[in-house]
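Text of the file coords-v2.csv, holding CSV, C-alpha atoms:
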chain,number,residue,atom,x,y,z
A,1497,MET,CA,-3.1,-37.5,-17.1
A,1498,GLN,CA,-3.0,-33.7,-17.0
A,1499,GLN,CA,-0.7,-32.1,-14.4
A,1500,MET,CA,-0.7,-28.3,-14.0
A,1501,LEU,CA,2.5,-26.5,-13.1
A,1502,LEU,CA,2.8,-25.7,-9.5
A,1503,ASP,CA,3.9,-22.1,-10.1
A,1504,ILE,CA,0.8,-21.0,-11.9
A,1505,ASN,CA,-0.5,-17.7,-10.5
A,1506,PRO,CA,-3.7,-17.9,-8.3
A,1507,LEU,CA,-6.9,-17.0,-10.0
A,1508,PRO,CA,-8.0,-13.4,-9.8
A,1509,LEU,CA,-10.6,-12.5,-7.2
A,1510,PRO,CA,-14.1,-12.8,-8.7
A,1511,THR,CA,-15.8,-9.6,-9.7
A,1512,LEU,CA,-18.6,-8.7,-12.0
A,1513,GLU,CA,-16.1,-6.9,-14.2
A,1514,ASN,CA,-14.0,-10.0,-14.9
A,1515,PHE,CA,-17.0,-12.2,-15.7
A,1516,LEU,CA,-17.5,-12.6,-19.4
A,1517,PRO,CA,-21.3,-12.3,-19.8
A,1518,GLY,CA,-22.0,-14.2,-23.0
A,1519,ARG,CA,-25.7,-15.0,-23.0
A,1520,ASN,CA,-26.1,-13.7,-19.4
A,1521,ALA,CA,-26.5,-10.0,-20.3
A,1522,GLU,CA,-29.9,-9.7,-18.6
A,1523,LEU,CA,-28.6,-11.3,-15.4
A,1524,MET,CA,-25.6,-9.1,-15.3
A,1525,HIS,CA,-27.8,-6.0,-15.8
A,1526,THR,CA,-29.9,-7.2,-12.8
A,1527,LEU,CA,-26.9,-7.7,-10.6
A,1528,ALA,CA,-25.5,-4.3,-11.5
A,1529,ASN,CA,-28.9,-2.8,-10.6
A,1530,ILE,CA,-28.9,-4.5,-7.3
A,1531,LEU,CA,-25.6,-2.9,-6.4
A,1532,SER,CA,-26.7,0.5,-7.5
A,1533,GLY,CA,-30.0,0.2,-5.6
A,1534,GLU,CA,-32.2,0.3,-8.7
A,1535,GLU,CA,-33.4,-3.3,-8.4
A,1536,LYS,CA,-36.1,-3.8,-5.7
A,1537,GLU,CA,-36.4,-7.6,-5.7
A,1538,ARG,CA,-34.5,-9.0,-2.8
A,1539,PHE,CA,-34.6,-12.7,-3.6
A,1540,ILE,CA,-32.6,-14.2,-6.5
A,1541,TYR,CA,-31.9,-17.8,-7.5
A,1542,LEU,CA,-29.2,-18.7,-10.0
A,1543,TRP,CA,-28.9,-22.2,-11.6
A,1544,GLY,CA,-26.8,-23.9,-14.2
A,1545,ASN,CA,-24.3,-26.6,-15.0
A,1546,PRO,CA,-20.9,-26.9,-13.2
A,1547,GLY,CA,-18.4,-24.4,-14.5
A,1548,CYS,CA,-21.0,-21.9,-15.8
A,1549,GLY,CA,-19.9,-19.2,-13.3
A,1550,LYS,CA,-22.5,-19.3,-10.6
A,1551,SER,CA,-20.0,-19.3,-7.7
A,1552,HIS,CA,-18.0,-16.5,-9.4
A,1553,LEU,CA,-21.1,-14.3,-9.5
A,1554,LEU,CA,-22.1,-15.1,-6.0
A,1555,GLN,CA,-18.6,-14.3,-4.6
A,1556,ALA,CA,-18.5,-11.2,-6.8
A,1557,ILE,CA,-21.6,-9.9,-5.2
A,1558,VAL,CA,-20.2,-10.5,-1.7
A,1559,MET,CA,-17.0,-8.7,-2.7
A,1560,ALA,CA,-19.0,-5.8,-4.1
A,1561,TYR,CA,-21.1,-5.4,-0.9
A,1562,THR,CA,-18.0,-5.6,1.2
A,1563,GLN,CA,-16.3,-2.9,-0.8
A,1564,LYS,CA,-19.3,-0.7,-0.2
A,1565,ASN,CA,-18.7,-1.2,3.6
A,1566,THR,CA,-21.9,-3.2,3.9
A,1567,LYS,CA,-22.0,-6.6,5.5
A,1568,ALA,CA,-22.3,-9.7,3.3
A,1569,MET,CA,-22.2,-13.4,4.2
A,1570,TYR,CA,-21.1,-16.2,1.8
A,1571,GLY,CA,-21.7,-19.8,2.5
A,1572,CYS,CA,-21.5,-23.0,0.5
A,1573,ALA,CA,-24.1,-25.7,1.3
A,1574,LYS,CA,-21.4,-28.3,0.6
A,1575,ASN,CA,-19.7,-27.2,3.8
A,1576,TYR,CA,-22.9,-26.3,5.6
A,1577,GLN,CA,-22.7,-25.7,9.4
A,1578,ARG,CA,-25.2,-23.1,10.3
A,1579,PHE,CA,-26.4,-19.9,8.5
A,1580,CYS,CA,-25.6,-16.6,10.0
A,1581,VAL,CA,-28.7,-14.9,11.5
A,1582,ASP,CA,-27.1,-11.5,12.2
A,1583,ASN,CA,-29.7,-8.8,11.6
A,1584,ALA,CA,-26.9,-6.5,10.5
A,1585,VAL,CA,-26.1,-8.6,7.4
A,1586,ASP,CA,-27.2,-6.8,4.2
A,1587,CYS,CA,-26.6,-9.7,1.8
A,1588,PHE,CA,-26.9,-13.4,2.4
A,1589,VAL,CA,-25.3,-15.6,-0.3
A,1590,ILE,CA,-25.7,-19.4,-0.3
A,1591,ASP,CA,-24.1,-21.5,-3.0
A,1592,ASP,CA,-25.0,-25.1,-4.0
A,1593,ILE,CA,-28.2,-25.3,-2.0
A,1594,ASP,CA,-28.8,-28.8,-3.5
A,1595,TYR,CA,-26.5,-30.1,-0.8
A,1596,LEU,CA,-28.6,-28.9,2.1
A,1597,ASP,CA,-29.9,-31.7,4.4
A,1598,ALA,CA,-33.2,-31.5,6.1
A,1599,ALA,CA,-31.9,-29.3,8.9
A,1600,GLY,CA,-30.2,-27.0,6.5
A,1601,GLN,CA,-33.4,-26.7,4.4
A,1602,ALA,CA,-35.4,-25.8,7.4
A,1603,GLU,CA,-32.9,-23.1,8.4
A,1604,LEU,CA,-33.0,-21.7,4.9
A,1605,PHE,CA,-36.8,-21.7,4.9
A,1606,SER,CA,-36.7,-19.7,8.2
A,1607,LEU,CA,-34.1,-17.3,6.9
A,1608,TYR,CA,-36.2,-16.7,3.8
A,1609,ASN,CA,-39.3,-16.0,5.8
A,1610,ARG,CA,-37.5,-13.6,8.1
A,1611,LEU,CA,-35.9,-11.7,5.3
A,1612,ARG,CA,-39.2,-11.4,3.5
A,1613,GLU,CA,-40.8,-10.0,6.6
A,1614,GLU,CA,-38.0,-7.5,7.3
A,1615,GLY,CA,-37.7,-6.5,3.6
A,1616,HIS,CA,-34.3,-5.0,3.3
A,1617,SER,CA,-31.6,-7.7,3.0
A,1618,LEU,CA,-30.7,-9.5,-0.2
A,1619,LEU,CA,-30.8,-13.3,-0.4
A,1620,LEU,CA,-28.9,-14.7,-3.4
A,1621,VAL,CA,-28.7,-18.5,-3.8
A,1622,SER,CA,-27.6,-21.0,-6.4
A,1623,GLY,CA,-28.4,-24.5,-7.4
A,1624,SER,CA,-27.8,-27.0,-10.2
A,1625,THR,CA,-31.3,-26.9,-11.6
A,1626,ALA,CA,-34.4,-24.7,-11.8
A,1627,PRO,CA,-36.3,-24.4,-8.5
A,1628,VAL,CA,-39.2,-26.7,-9.6
A,1629,TYR,CA,-36.8,-29.6,-10.2
A,1630,LEU,CA,-35.0,-29.3,-6.8
A,1631,ASN,CA,-35.2,-32.4,-4.6
A,1632,MET,CA,-36.0,-30.3,-1.5
A,1633,ARG,CA,-39.0,-29.6,0.7
A,1634,GLN,CA,-41.8,-28.1,-1.4
A,1635,ASP,CA,-42.5,-25.0,0.7
A,1636,LEU,CA,-38.8,-24.0,0.3
A,1637,VAL,CA,-38.9,-24.8,-3.4
A,1638,THR,CA,-42.0,-22.6,-3.8
A,1639,ARG,CA,-40.4,-19.7,-2.1
A,1640,LEU,CA,-37.2,-19.9,-4.2
A,1641,GLY,CA,-39.4,-19.5,-7.2
A,1642,TRP,CA,-41.1,-16.4,-5.9
A,1643,GLY,CA,-38.1,-14.1,-6.6
A,1644,LEU,CA,-36.1,-13.7,-9.8
A,1645,VAL,CA,-34.8,-16.9,-11.3
A,1646,TYR,CA,-32.0,-16.9,-13.8
A,1647,GLN,CA,-30.2,-19.7,-15.6
A,1648,VAL,CA,-26.5,-19.0,-15.8
A,1649,HIS,CA,-25.5,-20.0,-19.4
A,1650,GLU,CA,-22.0,-21.3,-19.9
A,1651,LEU,CA,-20.0,-19.6,-22.6
A,1652,THR,CA,-20.1,-21.3,-26.0
A,1653,GLU,CA,-16.9,-22.8,-27.4
A,1654,GLU,CA,-16.6,-19.9,-29.8
A,1655,GLU,CA,-17.0,-17.4,-27.0
A,1656,LYS,CA,-14.3,-19.2,-25.0
A,1657,ILE,CA,-11.9,-19.2,-28.0
A,1658,PHE,CA,-12.6,-15.5,-28.5
A,1659,ALA,CA,-11.9,-14.8,-24.8
A,1660,MET,CA,-8.7,-16.8,-24.9
A,1661,GLN,CA,-7.4,-15.1,-28.0
A,1662,ALA,CA,-8.3,-11.6,-26.6
A,1663,HIS,CA,-6.5,-12.4,-23.4
A,1664,ALA,CA,-3.4,-13.6,-25.4
A,1665,THR,CA,-3.5,-10.4,-27.5
A,1666,ASP,CA,-3.6,-8.3,-24.3
A,1667,CYS,CA,-0.6,-10.2,-23.1
A,1668,GLY,CA,1.3,-9.5,-26.3
A,1669,TYR,CA,1.2,-12.7,-28.2
A,1670,MET,CA,-1.0,-14.4,-30.8
A,1671,LEU,CA,-2.8,-17.6,-30.0
A,1672,SER,CA,-3.9,-19.9,-32.7
A,1673,GLN,CA,-7.3,-21.6,-32.8
A,1674,GLU,CA,-5.5,-24.9,-32.8
A,1675,ILE,CA,-4.1,-24.2,-29.3
A,1676,CYS,CA,-7.5,-23.0,-28.1
A,1677,LEU,CA,-9.2,-26.2,-29.3
A,1678,TYR,CA,-6.5,-28.4,-27.8
A,1679,LEU,CA,-7.1,-26.7,-24.4
A,1680,LEU,CA,-10.8,-27.2,-24.7
A,1681,ARG,CA,-10.4,-30.9,-25.5
A,1682,HIS,CA,-7.7,-31.7,-22.9
A,1683,GLY,CA,-8.1,-29.3,-20.0
A,1684,ARG,CA,-10.6,-27.9,-17.6
A,1685,ARG,CA,-13.2,-25.9,-19.7
A,1686,ASP,CA,-14.1,-23.2,-17.2
A,1687,LEU,CA,-12.8,-19.8,-18.3
A,1688,PRO,CA,-10.7,-19.0,-15.2
A,1689,SER,CA,-8.8,-22.3,-15.5
A,1690,LEU,CA,-8.3,-21.7,-19.3
A,1691,MET,CA,-6.9,-18.2,-18.6
A,1692,MET,CA,-4.6,-19.6,-15.8
A,1693,THR,CA,-3.3,-22.2,-18.3
A,1694,LEU,CA,-2.6,-19.5,-20.9
A,1695,ASP,CA,-0.6,-17.5,-18.4
A,1696,ALA,CA,1.4,-20.5,-17.5
A,1697,LEU,CA,2.0,-21.3,-21.2
A,1698,ASP,CA,3.1,-17.8,-21.9
A,1699,ARG,CA,5.7,-17.9,-19.1
A,1700,TYR,CA,6.8,-21.4,-20.1
A,1701,SER,CA,7.4,-20.2,-23.7
A,1702,LEU,CA,9.4,-17.2,-22.5
A,1703,VAL,CA,11.5,-19.2,-20.0
A,1704,HIS,CA,12.4,-21.8,-22.7
A,1705,GLN,CA,12.6,-19.3,-25.6
A,1706,ARG,CA,10.3,-21.5,-27.7
A,1707,PRO,CA,7.2,-20.5,-29.7
A,1708,ILE,CA,3.8,-21.5,-28.4
A,1709,THR,CA,2.9,-24.7,-30.2
A,1710,ILE,CA,0.9,-27.9,-29.4
A,1711,PRO,CA,4.1,-29.8,-28.5
A,1712,LEU,CA,5.1,-27.1,-26.0
A,1713,LEU,CA,1.6,-27.1,-24.6
A,1714,ARG,CA,1.7,-30.9,-24.2
A,1715,GLU,CA,5.1,-30.5,-22.5
A,1716,LEU,CA,3.7,-28.0,-20.1
A,1717,LEU,CA,0.6,-30.1,-19.2
A,1718,GLN,CA,2.6,-33.3,-19.4
A,1719,VAL,CA,-0.1,-34.9,-21.6
A,1720,ASP,CA,0.9,-37.9,-23.6
A,1721,SER,CA,0.6,-37.5,-27.4

What does the file become when written as structure tokens?
Amino acid sequence: MQQMLLDINPLPLPTLENFLPGRNAELMHTLANILSGEEKERFIYLWGNPGCGKSHLLQAIVMAYTQKNTKAMYGCAKNYQRFCVDNAVDCFVIDDIDYLDAAGQAELFSLYNRLREEGHSLLLVSGSTAPVYLNMRQDLVTRLGWGLVYQVHELTEEEKIFAMQAHATDCGYMLSQEICLYLLRHGRRDLPSLMMTLDALDRYSLVHQRPITIPLLRELLQVDS
């Protein structure tokens, strides 16, 4: 079993700048245009597999709106209570809408219709699959498909290795492909977790005055050989 060190630094706050785009260049361009006011579409649906970065992007948009002194609301359907209906909100962000029950779907349907009628606030939501495959009320599914729909593509293994090695170089050490592959095989594969592990490995190596090797990484993670 893998056990992470307790003293690993917390993950950095999600921003568009610290999201590695990979095959998501068009989506990143659209999100940047939204923040600059160049994109007129106000309804955007993101979907993709766990770990692809959907939540990162949604939270990054909320942070960007907040930094512009505009009001944004983030909610996750896994912890759904009720959606904010404040007319002063400029950006509504709802993550993992697959988890909405019937009452939550009805509320999202009403929110969508209200925002479409008012025409100024952004509604950015995410799910695990394309709208047409969502197991939700069909009138809501139809509306989710009216706006922009993007699949968020997870980084390829090669892209993750490149990102890890670039991060290591920025921190002043060389990282072998062997170490990268080991992390991809034995750890969490999302990029923030991989970077967090690398930072812990770097500190562990410095504290113990030992080079970064597979045995040192196993020791850090307490993984059996």

- Note on the structure: Here CA of Leu1713 in chain A and CA of Met1691 in chain A stand apart by 13.7 Å

- Message: I want to know what sits within 12 Å of Arg1699 in chain A, based on only C-alpha atoms, with residues of the same chain fewer than 4 positions away left out; could you give that as a count of residues only?
- Response: 21

- Have a look at CA of Arg1639 in chain A and CA of Ala1556 in chain A and let me know their distance in Å, one decimal.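 Spanning CA of Arg1639 in chain A to CA of Ala1556 in chain A is a straight-line distance of 24.0 Å.
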
- Task: Pick out the closest residue to Ala1599 in chain A from this set: A:Tyr1561, A:Arg1612, A:Arg1578, A:Glu1537. Count all atoms listed in the file.
- Result: A:Arg1578

- Message: From (-21.9, -12.9, -11.0), in the file's coordinates, out to 12 Å: which residues are reached, counting all atoms listed in the file? Answer as a ChimeraX atom specification.
- Response: /A:1509-1517,1520-1528,1530-1531,1540-1543,1548-1560,1589,1591,1620-1622,1646-1649

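Using only C-alpha atoms for every distance, the candidate list A:Leu1611, A:Ala1573, A:Ile1710, A:Leu1702 yields A:Ile1710 as the residue closest to Ile1675 in chain A.
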
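Computed from the coordinates, the CA of Gly1643 in chain A to CA of Asp1686 in chain A distance equals 27.8 Å.
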
- Task: Can you work out which one of A:Cys1572, A:Leu1636, A:Leu1671, A:Ala1659 has the shortest atom-to-atom distance to Leu1690 in chain A, counting all atoms listed in the file?
- Result: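 Under the stated criterion, the closest residue is A:Ala1659.
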
Near Arg1538 in chain A, within 7 Å and counting all atoms listed in the file, which residues show up once chain neighbours fewer than 3 positions away are dropped, as a compact mmCIF listing (two decimals) with C-alpha atoms, in the coordinates of the input?
# COMPACT_ATOMS: atom_id res chain seq x y z
CA SER A 1617 -31.60 -7.70 3.00
CA LEU A 1618 -30.70 -9.50 -0.20
CA LEU A 1619 -30.80 -13.30 -0.40

- Query: From the list A:Asp1666, A:Glu1650, A:Glu1614, A:Asp1594, which residue is nearest Met1632 in chain A when using only C-alpha atoms?
  - Reply: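 Using only C-alpha atoms, Met1632 in chain A sits closest to A:Asp1594.
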
- Message: Taking 2 positions as the minimum chain separation for residues in the same chain, which residues sit within 8 Å of Tyr1595 in chain A when counting only C-alpha atoms? Answer as number ranges by chain.
- Response: A: 1573-1574, 1592-1593, 1597

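Closest approach to Arg1685 in chain A among A:Gly1623, A:Cys1587, A:Gly1600, A:Pro1546 is made by A:Pro1546 (distances from only C-alpha atoms).
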